[in-house]
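Before any comments, here is the structure.
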Amino acid sequence: MTASQNLFQRVGRRAYAAALAVNLRRGVIAAAAAGLLAVIAARLLGLLPDRALFCVLGGLAAAPLVFALAAARRPGPIAVARLIDERTASKDLFLTATLSREPAADFQPLVTERAEQRAGEISAASVVPFRWQLGMRDALVAILIVGASAAWLPQFDPFKKQLARARVAEREQHLLETKKATAARQAELVQQSADKREEVQQALARLEKTFKEAKPAARETTLKELATEQKELGDLWRKANNNGLRTALDEAAQSFGQADAKKLDEWRKELKQGSVDGLKKELRDIREQTRRLAGMPDSAERRAMQEQLAKRLNDAAQAMKQLANSPQLNEALRRALEQMDLSKLGDLSKDGAQAAMDSLDLSQQELDQLAQSLKDGQQLEQALKNLQMARALADRGQLDGAESKDLTGMDAYELLFSEKMGGLGESPGLSPESGMGPGRGSGAKRPEDDAAKTAFKPEKSNGQLSGGKLLLEWKTSEVGESGARSEQYRDAVRQVQQGVAEAIQQEQVPPGYHDTIKRYFDSLPK
């Protein structure tokens with residue numbers, strides 16, 4: 001490689017590096033100016049959220065390097081030659097040498113020889129010196145200004161944008177918490193359902209085993225084992241039995257809000273039979289409408305459908321709260337209502353709708369768990385009845401496991417034990433002493449002896465008649481004593497009137513009865 005070629009390469013590389021540095025400096029200053037504007041917009045005007053500000057600053061930090069690489073160009077031989085001639089006062093020597101290489105010329109050997117000699121005397125650093133201090137200073141100052149403004153510039157919110165974003169962030173966090181609660185309950189419900197079902201089945205299997213192993217000769221042992229099984233089954237029955245649910249099912253269906261009373265009555269009848277198909281169908285329909293709603297663009301039609309769907313879900317929640325009386329189911333439906341309300345917001349539309357669908361799925365699982373609890377309760381109740389008959393049979397030496405070795409299920413045992421109890425002349429589950437022995441009595445009238453002497457003493461109370469429920473009324477045609485009796489009557493009337501006045505003042509009496517009550521007391525004789 002000749003001296004001139006070596007000089008051209010070194011100068012070209014340094015020229016390219018200097019161009020990169022110049023472009024990088026310009027890019028940093030321009031990016032810093034843009035970043036400063038973004039910080040002002042975020043801090044002083046509140047137009048940008050902090051998350052967007054950091055994204056903007058991050059993008060601007062990488063922009064100068066991209067700009068420098070895109071804008072810089074490697075200089076060609078002619079540009080390098082001109083640069084060398086300009087910086088070294090070579091009077092176009094290297095430019096002439098470069099141009100003379102292409103077409104043949106008579107003076108080419110002389111120019112080339114002179115250029116080679118001159119190239120050996122020139123340093124590439126003298127042609128393209130690196131003066132980086134000023135450029136580095138400008139870039140650092142620009143970066144520090146942006147960083148200081150982002151760190152210490154106070155937050156203002158003249159257009160209330162920051163407040164609106166804070167509310168959205170709060171709703172996002174609440175939506176996230178409800179989604180976590182739904183997921184946690186789903187996992188818990190799956191395990192809980194499996195554990196409860198397995199516990200009930202194991203208890204029933206142990207009871208059947210006790211029935212099959214019973215021997216008439218081992219009366220005391222059999223009764224002891226049956227008592228142990230009765231205690232365990234009783235505990236399981238109390239866990240599975242929902243008194244609030246049974247009370248709700250025994251009451252007539254009432255209309256809450258706009259709920260359909262006829263539909264409530266149908267659901268109540270299904271629940272009494274241990275079925276939740278009607279309730280699950282209602283939730284499936286609501287979920288399908290929610291899914292369709294999530295795919296619709298924002299419009300007046302979508303908002304109207306949202307209102308209708310929210311109303312339908314609220315009616316369903318009120319109905320299930322009345323019928324099922326399950327805290328877990330009520331909580332799942334409450335979350336679904338909240339999530340559906342959050343889906344009305346533009347930013348949370350899809351996430352809120354999906355979360356509402358997940359909560360509706362959980363509600364259906366809660367209904368399945370409720371139906372299973374009802375079935376378990378029915379099975380345990382039947383098992384307890386069979387156990388009661390088995391204890392009565394075992395007490396008389398009539399419980400033989402050999403008779404039930406081929407039986408399976410509580411229905412078969414109920415039939416067997418009922419037949420054996422009937423063969424003994426007793427009603428299943430009733431005491432033969434009609435209430436004086438173990439088990440339930442038959443309700444027959446007990447023998448009584450009117451001539452028997454007892455310690456009963458007839459007494460009469462002289463207490464003053466006061467307000468309350470009328471238990472007895474006694475009418476006579478005699479004339480009462482005057483004076484003291486009249487004063488007692490007036491005192492009694494005044495006390496009752498005062499009590500009624502206090503009840504009216506405390507709003508314990510419906511307003512429609514106020515005038516009638518006042519007229520009644522005004523009509524009494526003084």
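Ordered as shown in the structure tokens, chains take letters A, B, and onward, while each chain numbers its residues from 1 and ligands are numbered from 1 in the order shown.
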**Prompt:** Hey, what's within 9 Å of Gly135 in chain A if we count only C-alpha atoms and toss same-chain stuff fewer than 6 positions away? As a list of chain:residue names, please?
**Reply:**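 My reading of the contact set: A:Ala21, A:Val22, A:Arg25, A:Arg26.
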Which residues are near Leu279 in chain A? Cut-off 8 Å, only C-alpha atoms, ignore same chain within fewer than 4 positions. Put them as a PDB file with N, CA and C atoms, in the first residue's frame.
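Dumped to selection13.pdb:
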ATOM      1  N   TRP A 267     -87.338 -21.288  40.106  1.00  0.00           N
ATOM      2  CA  TRP A 267     -85.983 -21.542  40.616  1.00  0.00           C
ATOM      3  C   TRP A 267     -86.039 -22.122  42.031  1.00  0.00           C
ATOM      4  N   LEU A 283     -77.424 -17.425  34.162  1.00  0.00           N
ATOM      5  CA  LEU A 283     -76.050 -16.905  34.180  1.00  0.00           C
ATOM      6  C   LEU A 283     -75.356 -17.138  32.850  1.00  0.00           C
ATOM      7  N   MET A 320     -80.933 -14.510  43.390  1.00  0.00           N
ATOM      8  CA  MET A 320     -80.118 -15.580  43.978  1.00  0.00           C
ATOM      9  C   MET A 320     -79.770 -15.274  45.426  1.00  0.00           C
ATOM     10  N   LEU A 367     -72.869 -22.317  42.165  1.00  0.00           N
ATOM     11  CA  LEU A 367     -74.180 -22.965  42.109  1.00  0.00           C
ATOM     12  C   LEU A 367     -74.026 -24.484  42.096  1.00  0.00           C
TER      13      LEU A 367
END
**Message:** Among range 256-296 of chain A, which ones does DSSP assign to alpha helix (DSSP H) (computed from the backbone)? Answer as number ranges by chain.
**Reply:** A: 261-272, 277-294
**Complete:** Counting only C-alpha atoms, the residue among A:Ser418, A:Thr210, A:Gln155, A:Thr454 that lies closest to Lys405 in chain A is A:Thr210
**Item:** Polymer residues at most 12 Å from range 300-303 of chain A, only C-alpha atoms, same-chain spacing of 5 or more positions, as a VMD selection string
**Value:** chain A and resid 289 to 290 292 to 295 308 to 310 340 to 341 343 to 346 349
**Message:** I'd like the interatomic distance between CA of Gln162 in chain A and CA of Ala150 in chain A, to a tenth of an Å.
**Reply:**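 Rounded to one decimal, the two atoms are 16.0 Å apart.
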**Asked** Nearest to Phe417 in chain A: which of A:Gln398, A:Ala332, A:Met389, A:Ala34 is it, counting only C-alpha atoms?
**Response**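 Smallest separation from Phe417 in chain A among the options: A:Met389.
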**Message:** Using only C-alpha atoms, which protein or nucleic acid residues come within 12 Å of Leu60 in chain A? Drop anything in the same chain fewer than 6 positions from it, and give the result as a VMD selection string.
**Reply:** chain A and resid 27 to 38 53 to 54 66 to 67 143 146
Mind dumping the selected residues with all heavy atoms as a CSV table (one decimal), in the first residue's frame?
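out16.csv, written as the output of this step:
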chain,number,residue,atom,x,y,z
A,27,GLY,N,-28.0,15.6,17.5
A,27,GLY,CA,-29.2,14.7,17.9
A,27,GLY,C,-29.5,14.8,19.4
A,27,GLY,O,-30.6,14.8,19.8
A,28,VAL,N,-28.4,14.8,20.2
A,28,VAL,CA,-28.6,14.9,21.7
A,28,VAL,C,-29.3,16.2,22.0
A,28,VAL,O,-30.2,16.3,22.9
A,28,VAL,CB,-27.3,14.7,22.4
A,28,VAL,CG1,-27.4,15.1,23.9
A,28,VAL,CG2,-26.8,13.3,22.3
A,29,ILE,N,-28.8,17.3,21.5
A,29,ILE,CA,-29.4,18.6,21.8
A,29,ILE,C,-30.8,18.7,21.3
A,29,ILE,O,-31.7,19.2,22.1
A,29,ILE,CB,-28.5,19.7,21.1
A,29,ILE,CG1,-27.1,19.8,21.8
A,29,ILE,CG2,-29.2,21.1,21.3
A,29,ILE,CD1,-26.2,20.7,21.1
A,30,ALA,N,-31.1,18.2,20.1
A,30,ALA,CA,-32.5,18.2,19.6
A,30,ALA,C,-33.4,17.3,20.5
A,30,ALA,O,-34.5,17.6,20.8
A,30,ALA,CB,-32.5,17.7,18.2
A,31,ALA,N,-32.9,16.1,20.9
A,31,ALA,CA,-33.7,15.2,21.7
A,31,ALA,C,-33.9,15.8,23.1
A,31,ALA,O,-35.0,15.6,23.7
A,31,ALA,CB,-33.0,13.8,21.8
A,32,ALA,N,-32.9,16.5,23.6
A,32,ALA,CA,-33.0,17.1,24.9
A,32,ALA,C,-34.1,18.2,24.9
A,32,ALA,O,-34.9,18.3,25.8
A,32,ALA,CB,-31.7,17.7,25.4
A,33,ALA,N,-34.1,18.9,23.8
A,33,ALA,CA,-35.1,20.0,23.7
A,33,ALA,C,-36.5,19.4,23.6
A,33,ALA,O,-37.5,19.8,24.3
A,33,ALA,CB,-34.9,20.8,22.4
A,34,ALA,N,-36.7,18.3,22.9
A,34,ALA,CA,-38.0,17.6,22.8
A,34,ALA,C,-38.3,17.0,24.2
A,34,ALA,O,-39.5,17.0,24.6
A,34,ALA,CB,-37.9,16.5,21.7
A,35,GLY,N,-37.3,16.4,24.9
A,35,GLY,CA,-37.6,15.8,26.2
A,35,GLY,C,-38.0,16.9,27.2
A,35,GLY,O,-38.9,16.7,28.0
A,36,LEU,N,-37.4,18.1,27.1
A,36,LEU,CA,-37.7,19.2,28.0
A,36,LEU,C,-39.2,19.6,27.8
A,36,LEU,O,-39.9,19.8,28.7
A,36,LEU,CB,-36.8,20.3,27.8
A,36,LEU,CG,-37.0,21.5,28.8
A,36,LEU,CD1,-36.8,21.1,30.2
A,36,LEU,CD2,-36.0,22.7,28.4
A,37,LEU,N,-39.6,19.6,26.5
A,37,LEU,CA,-41.0,20.0,26.2
A,37,LEU,C,-42.0,18.9,26.8
A,37,LEU,O,-43.0,19.2,27.3
A,37,LEU,CB,-41.2,20.1,24.7
A,37,LEU,CG,-40.5,21.3,24.1
A,37,LEU,CD1,-40.7,21.3,22.5
A,37,LEU,CD2,-41.1,22.6,24.6
A,38,ALA,N,-41.5,17.6,26.7
A,38,ALA,CA,-42.4,16.5,27.2
A,38,ALA,C,-42.5,16.6,28.7
A,38,ALA,O,-43.6,16.4,29.3
A,38,ALA,CB,-41.8,15.2,26.8
A,53,LEU,N,-44.4,9.6,29.9
A,53,LEU,CA,-43.2,10.5,29.9
A,53,LEU,C,-42.0,9.6,29.9
A,53,LEU,O,-41.0,9.9,29.2
A,53,LEU,CB,-43.3,11.4,31.2
A,53,LEU,CG,-42.1,12.3,31.4
A,53,LEU,CD1,-41.9,13.2,30.2
A,53,LEU,CD2,-42.2,13.0,32.7
A,54,PHE,N,-41.9,8.6,30.7
A,54,PHE,CA,-40.7,7.8,30.7
A,54,PHE,C,-40.5,7.1,29.4
A,54,PHE,O,-39.4,6.9,29.0
A,54,PHE,CB,-40.8,6.8,31.9
A,54,PHE,CG,-40.7,7.4,33.2
A,54,PHE,CD1,-41.5,6.9,34.3
A,54,PHE,CD2,-39.9,8.4,33.5
A,54,PHE,CE1,-41.5,7.5,35.5
A,54,PHE,CE2,-39.8,9.0,34.7
A,54,PHE,CZ,-40.6,8.5,35.8
A,66,VAL,N,-29.4,6.8,16.6
A,66,VAL,CA,-30.0,6.4,15.3
A,66,VAL,C,-29.8,7.5,14.3
A,66,VAL,O,-29.5,7.2,13.1
A,66,VAL,CB,-31.5,6.0,15.5
A,66,VAL,CG1,-32.1,5.7,14.2
A,66,VAL,CG2,-31.6,4.9,16.5
A,67,PHE,N,-30.1,8.7,14.7
A,67,PHE,CA,-29.9,9.8,13.8
A,67,PHE,C,-28.5,10.0,13.3
A,67,PHE,O,-28.3,10.2,12.1
A,67,PHE,CB,-30.4,11.1,14.5
A,67,PHE,CG,-30.0,12.4,13.7
A,67,PHE,CD1,-30.7,12.8,12.6
A,67,PHE,CD2,-29.0,13.2,14.1
A,67,PHE,CE1,-30.4,13.9,11.9
A,67,PHE,CE2,-28.6,14.3,13.4
A,67,PHE,CZ,-29.3,14.7,12.3
A,143,ILE,N,-28.5,17.0,28.7
A,143,ILE,CA,-29.0,15.8,29.4
A,143,ILE,C,-29.3,16.1,30.8
A,143,ILE,O,-30.3,15.7,31.4
A,143,ILE,CB,-28.0,14.6,29.3
A,143,ILE,CG1,-28.0,14.1,27.8
A,143,ILE,CG2,-28.5,13.5,30.2
A,143,ILE,CD1,-26.9,13.1,27.5
A,146,VAL,N,-32.6,18.1,31.3
A,146,VAL,CA,-33.8,17.3,31.1
A,146,VAL,C,-34.0,16.4,32.4
A,146,VAL,O,-35.1,16.3,32.9
A,146,VAL,CB,-33.7,16.4,29.9
A,146,VAL,CG1,-34.9,15.4,29.8
A,146,VAL,CG2,-33.7,17.3,28.6
Near range 390-392 of chain A, within 7 Å and counting only C-alpha atoms, which residues show up once chain neighbours fewer than 6 positions away are dropped, as a tab-separated table (two decimals) with all heavy atoms, in the first residue's frame?
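Below is the file that was written, selection.tsv:
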chain	number	residue	atom	x	y	z
A	223	LEU	N	-74.03	-51.25	68.75
A	223	LEU	CA	-74.61	-49.97	69.17
A	223	LEU	C	-73.53	-48.90	69.38
A	223	LEU	O	-73.74	-47.72	69.05
A	223	LEU	CB	-75.40	-50.16	70.47
A	223	LEU	CG	-76.74	-50.89	70.35
A	223	LEU	CD1	-77.33	-51.16	71.72
A	223	LEU	CD2	-77.71	-50.09	69.49
A	226	LEU	N	-72.44	-47.75	65.92
A	226	LEU	CA	-73.48	-46.92	65.31
A	226	LEU	C	-73.54	-45.53	65.95
A	226	LEU	O	-73.79	-44.53	65.27
A	226	LEU	CB	-74.84	-47.61	65.43
A	226	LEU	CG	-75.05	-48.85	64.56
A	226	LEU	CD1	-76.37	-49.51	64.88
A	226	LEU	CD2	-74.98	-48.49	63.07
A	399	LEU	N	-80.50	-56.67	64.04
A	399	LEU	CA	-79.65	-56.13	62.97
A	399	LEU	C	-78.58	-57.15	62.63
A	399	LEU	O	-77.67	-57.43	63.42
A	399	LEU	CB	-79.00	-54.81	63.42
A	399	LEU	CG	-78.16	-54.10	62.35
A	399	LEU	CD1	-79.03	-53.70	61.16
A	399	LEU	CD2	-77.48	-52.86	62.93
A	417	PHE	N	-84.60	-51.93	56.22
A	417	PHE	CA	-84.86	-51.61	57.62
A	417	PHE	C	-86.34	-51.29	57.85
A	417	PHE	O	-86.90	-51.62	58.91
A	417	PHE	CB	-84.00	-50.42	58.07
A	417	PHE	CG	-82.53	-50.73	58.09
A	417	PHE	CD1	-81.59	-49.71	58.05
A	417	PHE	CD2	-82.07	-52.04	58.15
A	417	PHE	CE1	-80.23	-49.99	58.08
A	417	PHE	CE2	-80.72	-52.33	58.17
A	417	PHE	CZ	-79.80	-51.29	58.13
**Asked** Which of these residues is nearest to Val190 in chain A, using only C-alpha atoms: A:Leu362, A:Pro297, A:Asp277, A:Gln202?
**Response**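 Among the listed residues, the smallest separation from Val190 in chain A belongs to A:Leu362.
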**Prompt:** Which value, in Å to one decimal, gives the distance between CA of Pro154 in chain A and CA of Gly46 in chain A?
**Reply:**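 Computing it gives 10.5 Å between the two atoms.
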**Item:** Separation of CA of Leu342 in chain A from CA of Leu323 in chain A in Å
**Value:**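 Between CA of Leu323 in chain A and CA of Leu342 in chain A the gap works out to 27.0 Å.
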**Asked** Nearest to Ala187 in chain A among A:Glu199, A:Glu366, A:Ala371, A:Leu65, with distances taken over only C-alpha atoms: which residue is it?
**Response** A:Glu366
**Item:** Pick from A:Ser126, A:Gln369, A:Ser149, A:Thr182, whichever lies nearest to Ala89 in chain A using only C-alpha atoms
**Value:**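 The shortest atom-to-atom distance to Ala89 in chain A comes from A:Ser126.
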